[in-house]
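Visitor: Following this line is input.pdb, made up of PDB, C-alpha atoms, pLDDT in the B column:
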```
MODEL        1
ATOM      1  CA  MET A   1     -12.082 -20.042   7.336  1.00 50.00           C
ATOM      2  CA  LEU A   2     -10.750 -16.687   6.171  1.00 58.00           C
ATOM      3  CA  HIS A   3      -7.503 -15.378   7.616  1.00 63.00           C
ATOM      4  CA  HIS A   4      -7.319 -11.820   8.903  1.00 64.00           C
ATOM      5  CA  ARG A   5      -5.225 -10.739   5.866  1.00 69.00           C
ATOM      6  CA  GLN A   6      -7.931 -11.987   3.510  1.00 73.00           C
ATOM      7  CA  ILE A   7     -10.606 -10.169   5.489  1.00 77.00           C
ATOM      8  CA  LEU A   8      -8.543  -6.968   5.414  1.00 73.00           C
ATOM      9  CA  GLY A   9      -8.108  -7.339   1.660  1.00 78.00           C
ATOM     10  CA  ILE A  10     -11.827  -7.830   1.114  1.00 81.00           C
ATOM     11  CA  LEU A  11     -12.704  -4.803   3.252  1.00 79.00           C
ATOM     12  CA  ALA A  12     -10.082  -2.625   1.568  1.00 78.00           C
ATOM     13  CA  SER A  13     -11.395  -3.651  -1.853  1.00 80.00           C
ATOM     14  CA  LEU A  14     -14.952  -2.893  -0.773  1.00 78.00           C
ATOM     15  CA  GLY A  15     -13.919   0.554   0.461  1.00 76.00           C
ATOM     16  CA  LEU A  16     -12.066   1.229  -2.800  1.00 77.00           C
ATOM     17  CA  VAL A  17     -15.062   0.209  -4.916  1.00 77.00           C
ATOM     18  CA  MET A  18     -17.431   2.333  -2.833  1.00 75.00           C
ATOM     19  CA  GLY A  19     -15.101   5.323  -3.068  1.00 73.00           C
ATOM     20  CA  MET A  20     -14.757   4.938  -6.828  1.00 73.00           C
ATOM     21  CA  ALA A  21     -18.517   4.614  -7.256  1.00 67.00           C
ATOM     22  CA  SER A  22     -19.193   7.815  -5.339  1.00 66.00           C
ATOM     23  CA  GLY A  23     -16.405   9.577  -7.270  1.00 64.00           C
ATOM     24  CA  VAL A  24     -17.892   8.577 -10.640  1.00 57.00           C
ATOM     25  CA  GLN A  25     -21.307   9.814  -9.596  1.00 59.00           C
ATOM     26  CA  ALA A  26     -19.857  13.084  -8.337  1.00 54.00           C
ATOM     27  CA  SER A  27     -17.904  13.654 -11.547  1.00 56.00           C
ATOM     28  CA  GLU A  28     -21.005  12.977 -13.687  1.00 58.00           C
ATOM     29  CA  GLN A  29     -22.992  15.509 -11.686  1.00 58.00           C
ATOM     30  CA  SER A  30     -20.229  18.122 -11.872  1.00 53.00           C
ATOM     31  CA  VAL A  31     -20.046  17.752 -15.678  1.00 54.00           C
ATOM     32  CA  GLN A  32     -23.786  18.389 -15.948  1.00 55.00           C
ATOM     33  CA  HIS A  33     -23.583  21.486 -13.744  1.00 50.00           C
ATOM     34  CA  SER A  34     -20.370  22.929 -15.177  1.00 49.00           C
ATOM     35  CA  THR A  35     -21.829  23.300 -18.664  1.00 53.00           C
ATOM     36  CA  SER A  36     -24.540  25.690 -17.455  1.00 54.00           C
ATOM     37  CA  THR A  37     -22.493  28.213 -15.411  1.00 60.00           C
ATOM     38  CA  ASN A  38     -18.987  28.868 -14.204  1.00 70.00           C
ATOM     39  CA  GLN A  39     -19.886  28.885 -10.515  1.00 81.00           C
ATOM     40  CA  PHE A  40     -19.355  26.151  -7.967  1.00 81.00           C
ATOM     41  CA  HIS A  41     -22.383  24.078  -7.079  1.00 81.00           C
ATOM     42  CA  SER A  42     -22.921  21.755  -4.189  1.00 82.00           C
ATOM     43  CA  ILE A  43     -23.202  18.121  -5.169  1.00 82.00           C
ATOM     44  CA  GLU A  44     -26.000  16.348  -3.431  1.00 86.00           C
ATOM     45  CA  GLN A  45     -25.311  12.729  -2.655  1.00 86.00           C
ATOM     46  CA  PRO A  46     -28.057  10.237  -1.911  1.00 91.00           C
ATOM     47  CA  LEU A  47     -28.291   9.422   1.782  1.00 90.00           C
ATOM     48  CA  GLY A  48     -27.414   5.749   1.134  1.00 91.00           C
ATOM     49  CA  VAL A  49     -24.099   6.717  -0.500  1.00 89.00           C
ATOM     50  CA  LYS A  50     -23.228   9.063   2.377  1.00 89.00           C
ATOM     51  CA  ILE A  51     -23.971   6.362   4.939  1.00 92.00           C
ATOM     52  CA  GLY A  52     -22.090   3.699   2.953  1.00 92.00           C
ATOM     53  CA  VAL A  53     -18.967   5.821   2.548  1.00 92.00           C
ATOM     54  CA  THR A  54     -19.055   6.821   6.217  1.00 93.00           C
ATOM     55  CA  ILE A  55     -19.432   3.218   7.386  1.00 94.00           C
ATOM     56  CA  GLY A  56     -16.694   2.072   4.988  1.00 93.00           C
ATOM     57  CA  GLY A  57     -14.321   4.784   6.209  1.00 93.00           C
ATOM     58  CA  LEU A  58     -15.001   4.084   9.863  1.00 93.00           C
ATOM     59  CA  THR A  59     -14.518   0.358   9.256  1.00 93.00           C
ATOM     60  CA  LEU A  60     -11.181   0.913   7.549  1.00 92.00           C
ATOM     61  CA  MET A  61     -10.024   3.255  10.329  1.00 91.00           C
ATOM     62  CA  GLY A  62     -11.061   0.685  12.935  1.00 89.00           C
ATOM     63  CA  LEU A  63      -9.174  -2.077  11.116  1.00 89.00           C
ATOM     64  CA  GLU A  64      -6.098   0.117  10.880  1.00 87.00           C
ATOM     65  CA  LEU A  65      -6.187   0.860  14.598  1.00 85.00           C
ATOM     66  CA  TRP A  66      -6.686  -2.828  15.373  1.00 82.00           C
ATOM     67  CA  TRP A  67      -3.792  -3.791  13.096  1.00 78.00           C
ATOM     68  CA  PHE A  68      -1.300  -1.379  14.632  1.00 77.00           C
ATOM     69  CA  LEU A  69      -2.415  -1.512  18.271  1.00 76.00           C
ATOM     70  CA  PHE A  70      -3.911  -4.901  19.025  1.00 73.00           C
ATOM     71  CA  SER A  71      -2.878  -7.469  16.410  1.00 65.00           C
ATOM     72  CA  LYS A  72       0.727  -7.864  17.507  1.00 62.00           C
ATOM     73  CA  ASP A  73       1.582 -11.422  18.350  1.00 63.00           C
ATOM     74  CA  LYS A  74       2.767 -12.100  21.862  1.00 70.00           C
ATOM     75  CA  GLY A  75       5.792 -14.019  20.673  1.00 80.00           C
ATOM     76  CA  GLN A  76       6.765 -17.628  20.726  1.00 87.00           C
ATOM     77  CA  LYS A  77       8.825 -18.999  23.586  1.00 88.00           C
ATOM     78  CA  ALA A  78      11.962 -20.907  22.753  1.00 87.00           C
ATOM     79  CA  GLN A  79      11.990 -24.580  23.746  1.00 88.00           C
ATOM     80  CA  TYR A  80      14.711 -26.020  25.989  1.00 89.00           C
ATOM     81  CA  ILE A  81      16.638 -28.702  24.131  1.00 87.00           C
ATOM     82  CA  GLN A  82      19.660 -30.099  26.003  1.00 88.00           C
ATOM     83  CA  GLY A  83      19.992 -26.912  28.056  1.00 88.00           C
ATOM     84  CA  ILE A  84      19.799 -24.575  25.057  1.00 92.00           C
ATOM     85  CA  GLN A  85      16.874 -22.282  24.298  1.00 94.00           C
ATOM     86  CA  GLU A  86      16.099 -23.224  20.697  1.00 95.00           C
ATOM     87  CA  LEU A  87      13.538 -22.102  18.116  1.00 94.00           C
ATOM     88  CA  THR A  88      13.200 -22.397  14.344  1.00 95.00           C
ATOM     89  CA  ILE A  89      12.314 -19.228  12.455  1.00 95.00           C
ATOM     90  CA  THR A  90      10.974 -19.600   8.932  1.00 95.00           C
ATOM     91  CA  VAL A  91      12.169 -16.872   6.570  1.00 95.00           C
ATOM     92  CA  ASP A  92       9.490 -16.513   3.907  1.00 93.00           C
ATOM     93  CA  GLY A  93       8.357 -12.983   3.104  1.00 90.00           C
ATOM     94  CA  GLY A  94       9.421 -12.036   6.626  1.00 91.00           C
ATOM     95  CA  TYR A  95      10.153 -13.912   9.823  1.00 93.00           C
ATOM     96  CA  GLU A  96       7.724 -16.395  11.389  1.00 93.00           C
ATOM     97  CA  PRO A  97       7.569 -16.129  14.311  1.00 94.00           C
ATOM     98  CA  ALA A  98       8.622 -12.483  14.270  1.00 92.00           C
ATOM     99  CA  THR A  99       8.874 -12.308  18.069  1.00 94.00           C
ATOM    100  CA  VAL A 100      10.933 -14.811  20.039  1.00 94.00           C
ATOM    101  CA  VAL A 101      10.796 -14.948  23.846  1.00 94.00           C
ATOM    102  CA  VAL A 102      13.889 -16.214  25.707  1.00 95.00           C
ATOM    103  CA  LYS A 103      15.431 -15.953  29.178  1.00 94.00           C
ATOM    104  CA  ALA A 104      18.473 -13.848  29.998  1.00 94.00           C
ATOM    105  CA  GLY A 105      21.826 -15.435  30.800  1.00 93.00           C
ATOM    106  CA  GLN A 106      21.200 -18.688  28.907  1.00 93.00           C
ATOM    107  CA  LEU A 107      22.444 -19.787  25.484  1.00 95.00           C
ATOM    108  CA  VAL A 108      19.972 -19.176  22.643  1.00 95.00           C
ATOM    109  CA  ARG A 109      20.016 -20.967  19.290  1.00 96.00           C
ATOM    110  CA  LEU A 110      17.801 -19.532  16.563  1.00 95.00           C
ATOM    111  CA  ASN A 111      17.533 -21.826  13.535  1.00 96.00           C
ATOM    112  CA  PHE A 112      16.705 -19.741  10.457  1.00 96.00           C
ATOM    113  CA  LEU A 113      15.120 -21.746   7.623  1.00 96.00           C
ATOM    114  CA  ARG A 114      15.081 -19.556   4.513  1.00 95.00           C
ATOM    115  CA  ARG A 115      12.378 -20.402   1.963  1.00 95.00           C
ATOM    116  CA  ASP A 116      12.150 -17.030   0.174  1.00 93.00           C
ATOM    117  CA  PRO A 117      14.580 -16.460  -2.735  1.00 94.00           C
ATOM    118  CA  ASN A 118      14.363 -12.667  -2.229  1.00 90.00           C
ATOM    119  CA  SER A 119      17.923 -11.312  -2.118  1.00 91.00           C
ATOM    120  CA  CYS A 120      17.002  -9.032   0.782  1.00 90.00           C
ATOM    121  CA  LEU A 121      16.580 -12.103   2.997  1.00 94.00           C
ATOM    122  CA  GLU A 122      19.993 -13.596   2.183  1.00 94.00           C
ATOM    123  CA  LYS A 123      21.381 -12.305   5.495  1.00 95.00           C
ATOM    124  CA  VAL A 124      20.166 -11.923   9.050  1.00 95.00           C
ATOM    125  CA  LEU A 125      21.642  -9.269  11.319  1.00 96.00           C
ATOM    126  CA  LEU A 126      21.484  -9.154  15.110  1.00 95.00           C
ATOM    127  CA  PRO A 127      23.312  -5.848  15.660  1.00 95.00           C
ATOM    128  CA  ASP A 128      23.087  -5.886  19.475  1.00 94.00           C
ATOM    129  CA  PHE A 129      24.996  -9.186  19.500  1.00 94.00           C
ATOM    130  CA  TYR A 130      27.350  -8.256  16.613  1.00 95.00           C
ATOM    131  CA  ILE A 131      26.066 -11.146  14.492  1.00 95.00           C
ATOM    132  CA  VAL A 132      25.709 -11.268  10.703  1.00 96.00           C
ATOM    133  CA  ARG A 133      24.906 -14.614   9.036  1.00 96.00           C
ATOM    134  CA  GLU A 134      24.318 -15.662   5.456  1.00 96.00           C
ATOM    135  CA  LEU A 135      21.082 -17.642   5.044  1.00 95.00           C
ATOM    136  CA  PRO A 136      21.375 -20.144   2.187  1.00 96.00           C
ATOM    137  CA  LEU A 137      18.093 -20.942   0.447  1.00 95.00           C
ATOM    138  CA  ASN A 138      16.211 -24.009   1.783  1.00 95.00           C
ATOM    139  CA  GLN A 139      18.807 -24.650   4.491  1.00 95.00           C
ATOM    140  CA  VAL A 140      18.773 -24.219   8.249  1.00 96.00           C
ATOM    141  CA  THR A 141      21.345 -21.790   9.633  1.00 96.00           C
ATOM    142  CA  ALA A 142      21.917 -21.784  13.392  1.00 96.00           C
ATOM    143  CA  VAL A 143      22.672 -18.501  15.137  1.00 96.00           C
ATOM    144  CA  GLU A 144      23.826 -18.784  18.764  1.00 95.00           C
ATOM    145  CA  PHE A 145      24.242 -16.059  21.366  1.00 95.00           C
ATOM    146  CA  THR A 146      23.754 -15.484  25.088  1.00 95.00           C
ATOM    147  CA  PRO A 147      21.688 -12.424  26.019  1.00 95.00           C
ATOM    148  CA  LYS A 148      23.042 -10.936  29.238  1.00 94.00           C
ATOM    149  CA  LYS A 149      20.173  -8.648  30.267  1.00 94.00           C
ATOM    150  CA  PRO A 150      16.418  -8.355  29.675  1.00 95.00           C
ATOM    151  CA  GLY A 151      15.183  -6.212  26.814  1.00 94.00           C
ATOM    152  CA  ARG A 152      13.977  -6.250  23.224  1.00 95.00           C
ATOM    153  CA  TYR A 153      16.666  -6.917  20.627  1.00 95.00           C
ATOM    154  CA  LEU A 154      15.967  -6.403  16.932  1.00 95.00           C
ATOM    155  CA  PHE A 155      17.017  -8.750  14.144  1.00 95.00           C
ATOM    156  CA  THR A 156      16.672  -7.705  10.503  1.00 95.00           C
ATOM    157  CA  CYS A 157      17.321  -8.746   6.949  1.00 93.00           C
ATOM    158  CA  GLY A 158      20.326  -7.362   5.088  1.00 90.00           C
ATOM    159  CA  MET A 159      18.382  -4.309   3.858  1.00 92.00           C
ATOM    160  CA  ASN A 160      16.546  -3.653   7.148  1.00 91.00           C
ATOM    161  CA  MET A 161      13.164  -4.174   5.434  1.00 92.00           C
ATOM    162  CA  PHE A 162      12.061  -7.271   7.344  1.00 94.00           C
ATOM    163  CA  ARG A 163      12.335  -7.307  11.119  1.00 94.00           C
ATOM    164  CA  GLY A 164      11.917  -9.508  14.107  1.00 94.00           C
ATOM    165  CA  VAL A 165      12.463  -9.162  17.842  1.00 95.00           C
ATOM    166  CA  VAL A 166      14.173 -11.292  20.466  1.00 95.00           C
ATOM    167  CA  GLU A 167      12.402 -10.478  23.719  1.00 94.00           C
ATOM    168  CA  VAL A 168      14.696 -11.354  26.612  1.00 94.00           C
ATOM    169  CA  GLN A 169      13.018 -11.819  29.977  1.00 92.00           C
ATOM    170  CA  GLY A 170      14.754 -11.791  33.346  1.00 87.00           C
TER     171      GLY A 170
ENDMDL
END
```
What is this structure when it is put down as C-alpha cells?
Guide:
Amino acid sequence: MLHHRQILGILASLGLVMGMASGVQASEQSVQHSTSTNQFHSIEQPLGVKIGVTIGGLTLMGLELWWFLFSKDKGQKAQYIQGIQELTITVDGGYEPATVVVKAGQLVRLNFLRRDPNSCLEKVLLPDFYIVRELPLNQVTAVEFTPKKPGRYLFTCGMNMFRGVVEVQG
C-alpha cells in the first residue's frame, strides 16, 4: 500500500509533467507566430490540456490544504511506567512521534533514540524547561522534566530545523 508521502510525490510529479508539456506546446506555438509579425498573439490550447492543467492544479491545491490543515497527527500519549510518563522518540530525519501528550504535574521521561547522523540532530532543546541534551548516534538519551501547567511546549534540534511538541494536558 502506498504511503501518503508517495502519493503526494506521484501527484506532484504528474503536475510537473503536465505543466512542462503544456509549456513546451505553448513555446512551439509562440515560435511559429513570432516569425510572422512582432505583435502578441493568443495561444489556443486544446480543451483537453486546459482541463488537465486545471484538474492538476486543483488537485495539488487540495493536497496542500489537506497537508497543512488536516494531516497533523493527534500525538502519542506517554505510557506510565513505574509512575513516570515515558515515551521513546526516534530521531531520524525528524522526530517520530513529533507530538507527545502528557499530563501536567507528573514526571515525564522522553527517551530520544537518534538514528540519523545529520549534525543538526546531535542536540535536542526544550527551551521552556531549560534543557539541552547531546544525542549520541544509535543510543538512547533520557530527558526528564515535570511540566507544571497545561500547554504546548516545543522541542527542537540544535539548529531549530526539526521540531516536535510536548502537549501537556491538565
Visitor: Got a sec: who's within 7 Å of Val143 in chain A, counting all atoms listed in the file, leaving out chain neighbours fewer than 5 positions off, as a PDB file with C-alpha atoms, keeping the file's coordinate frame?
Guide:
```pdb
ATOM      1  CA  ARG A 109      20.016 -20.967  19.290  1.00 96.00           C
ATOM      2  CA  LEU A 110      17.801 -19.532  16.563  1.00 95.00           C
ATOM      3  CA  ASN A 111      17.533 -21.826  13.535  1.00 96.00           C
TER       4      ASN A 111
END
```
Visitor: Go ahead and compute the interatomic distance for CA of Thr99 in chain A and CA of Gln79 in chain A, in Å to one decimal.
Guide: 13.9 Å
Visitor: Take CA of Leu58 in chain A and CA of Phe70 in chain A and report the distance between them in Å, one decimal.
Guide: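 These two atoms are separated by 17.0 Å.
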Visitor: Between CA of Thr146 in chain A and CA of Val108 in chain A, what is the distance, to one decimal in Å?
Guide: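 Result for CA of Thr146 in chain A versus CA of Val108 in chain A: 5.8 Å, one decimal.
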Visitor: Once the PyMOL selection byres ((chain A and resi 119) around 12) has been evaluated on this model, what residues remain selected, and can you format them as a list in words?
Guide: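 What the PyMOL selection byres ((chain A and resi 119) around 12) grabs from the file is Val91, Asp92, Gly93, Arg114, Arg115, Asp116, Pro117, Asn118, Cys120, Leu121, Glu122, Lys123, Val124, Glu134, Leu135, Pro136, Leu137, Cys157, Gly158, Met159, Met161 and Phe162 of chain A.
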Visitor: Just write the chosen residues, C-alpha atoms, as an mmCIF file, in the coordinates of the input.
Guide:
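File written: again02.cif
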```cif
data_model
loop_
_atom_site.group_PDB
_atom_site.id
_atom_site.type_symbol
_atom_site.label_atom_id
_atom_site.label_comp_id
_atom_site.auth_asym_id
_atom_site.auth_seq_id
_atom_site.Cartn_x
_atom_site.Cartn_y
_atom_site.Cartn_z
ATOM 1 C CA VAL A 91 12.169 -16.872 6.570
ATOM 2 C CA ASP A 92 9.490 -16.513 3.907
ATOM 3 C CA GLY A 93 8.357 -12.983 3.104
ATOM 4 C CA ARG A 114 15.081 -19.556 4.513
ATOM 5 C CA ARG A 115 12.378 -20.402 1.963
ATOM 6 C CA ASP A 116 12.150 -17.030 0.174
ATOM 7 C CA PRO A 117 14.580 -16.460 -2.735
ATOM 8 C CA ASN A 118 14.363 -12.667 -2.229
ATOM 9 C CA CYS A 120 17.002 -9.032 0.782
ATOM 10 C CA LEU A 121 16.580 -12.103 2.997
ATOM 11 C CA GLU A 122 19.993 -13.596 2.183
ATOM 12 C CA LYS A 123 21.381 -12.305 5.495
ATOM 13 C CA VAL A 124 20.166 -11.923 9.050
ATOM 14 C CA GLU A 134 24.318 -15.662 5.456
ATOM 15 C CA LEU A 135 21.082 -17.642 5.044
ATOM 16 C CA PRO A 136 21.375 -20.144 2.187
ATOM 17 C CA LEU A 137 18.093 -20.942 0.447
ATOM 18 C CA CYS A 157 17.321 -8.746 6.949
ATOM 19 C CA GLY A 158 20.326 -7.362 5.088
ATOM 20 C CA MET A 159 18.382 -4.309 3.858
ATOM 21 C CA MET A 161 13.164 -4.174 5.434
ATOM 22 C CA PHE A 162 12.061 -7.271 7.344
#
```
Visitor: Please return range 122-135 of chain A, rebuilt to N, CA, C and O atoms, as a PDB file, in the coordinates of the input.
Guide:
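Saved file selection.pdb follows:
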```pdb
ATOM      1  N   GLU A 122      18.809 -12.741   2.230  1.00 94.00           N
ATOM      2  CA  GLU A 122      19.993 -13.596   2.183  1.00 94.00           C
ATOM      3  C   GLU A 122      20.819 -13.540   3.461  1.00 94.00           C
ATOM      4  O   GLU A 122      21.628 -14.407   3.716  1.00 94.00           O
ATOM      5  N   LYS A 123      20.622 -12.470   4.258  1.00 95.00           N
ATOM      6  CA  LYS A 123      21.381 -12.305   5.495  1.00 95.00           C
ATOM      7  C   LYS A 123      20.429 -12.011   6.633  1.00 95.00           C
ATOM      8  O   LYS A 123      19.349 -11.466   6.429  1.00 95.00           O
ATOM      9  N   VAL A 124      20.867 -12.353   7.836  1.00 95.00           N
ATOM     10  CA  VAL A 124      20.166 -11.923   9.050  1.00 95.00           C
ATOM     11  C   VAL A 124      21.192 -11.201   9.917  1.00 95.00           C
ATOM     12  O   VAL A 124      22.345 -11.628  10.016  1.00 95.00           O
ATOM     13  N   LEU A 125      20.766 -10.082  10.479  1.00 96.00           N
ATOM     14  CA  LEU A 125      21.642  -9.269  11.319  1.00 96.00           C
ATOM     15  C   LEU A 125      21.036  -9.150  12.710  1.00 96.00           C
ATOM     16  O   LEU A 125      19.852  -8.846  12.847  1.00 96.00           O
ATOM     17  N   LEU A 126      21.841  -9.407  13.714  1.00 95.00           N
ATOM     18  CA  LEU A 126      21.484  -9.154  15.110  1.00 95.00           C
ATOM     19  C   LEU A 126      22.506  -8.147  15.621  1.00 95.00           C
ATOM     20  O   LEU A 126      23.526  -8.524  16.218  1.00 95.00           O
ATOM     21  N   PRO A 127      22.284  -6.855  15.372  1.00 95.00           N
ATOM     22  CA  PRO A 127      23.312  -5.848  15.660  1.00 95.00           C
ATOM     23  C   PRO A 127      23.701  -5.752  17.136  1.00 95.00           C
ATOM     24  O   PRO A 127      24.859  -5.480  17.442  1.00 95.00           O
ATOM     25  N   ASP A 128      22.768  -5.985  18.048  1.00 94.00           N
ATOM     26  CA  ASP A 128      23.087  -5.886  19.475  1.00 94.00           C
ATOM     27  C   ASP A 128      24.045  -6.982  19.931  1.00 94.00           C
ATOM     28  O   ASP A 128      24.705  -6.851  20.967  1.00 94.00           O
ATOM     29  N   PHE A 129      24.112  -8.075  19.160  1.00 94.00           N
ATOM     30  CA  PHE A 129      24.996  -9.186  19.500  1.00 94.00           C
ATOM     31  C   PHE A 129      26.158  -9.303  18.510  1.00 94.00           C
ATOM     32  O   PHE A 129      26.878 -10.287  18.523  1.00 94.00           O
ATOM     33  N   TYR A 130      26.281  -8.292  17.613  1.00 95.00           N
ATOM     34  CA  TYR A 130      27.350  -8.256  16.613  1.00 95.00           C
ATOM     35  C   TYR A 130      27.365  -9.516  15.755  1.00 95.00           C
ATOM     36  O   TYR A 130      28.421 -10.095  15.507  1.00 95.00           O
ATOM     37  N   ILE A 131      26.185  -9.922  15.285  1.00 95.00           N
ATOM     38  CA  ILE A 131      26.066 -11.146  14.492  1.00 95.00           C
ATOM     39  C   ILE A 131      25.513 -10.806  13.112  1.00 95.00           C
ATOM     40  O   ILE A 131      24.510 -10.098  12.990  1.00 95.00           O
ATOM     41  N   VAL A 132      26.189 -11.330  12.084  1.00 96.00           N
ATOM     42  CA  VAL A 132      25.709 -11.268  10.703  1.00 96.00           C
ATOM     43  C   VAL A 132      25.894 -12.667  10.127  1.00 96.00           C
ATOM     44  O   VAL A 132      26.996 -13.221  10.179  1.00 96.00           O
ATOM     45  N   ARG A 133      24.819 -13.258   9.604  1.00 96.00           N
ATOM     46  CA  ARG A 133      24.906 -14.614   9.036  1.00 96.00           C
ATOM     47  C   ARG A 133      24.256 -14.640   7.657  1.00 96.00           C
ATOM     48  O   ARG A 133      23.207 -14.042   7.437  1.00 96.00           O
ATOM     49  N   GLU A 134      24.904 -15.367   6.761  1.00 96.00           N
ATOM     50  CA  GLU A 134      24.318 -15.662   5.456  1.00 96.00           C
ATOM     51  C   GLU A 134      23.267 -16.751   5.665  1.00 96.00           C
ATOM     52  O   GLU A 134      23.474 -17.674   6.467  1.00 96.00           O
ATOM     53  N   LEU A 135      22.150 -16.640   4.955  1.00 95.00           N
ATOM     54  CA  LEU A 135      21.082 -17.642   5.044  1.00 95.00           C
ATOM     55  C   LEU A 135      20.903 -18.298   3.684  1.00 95.00           C
ATOM     56  O   LEU A 135      20.191 -17.775   2.825  1.00 95.00           O
TER      57      LEU A 135
END
```
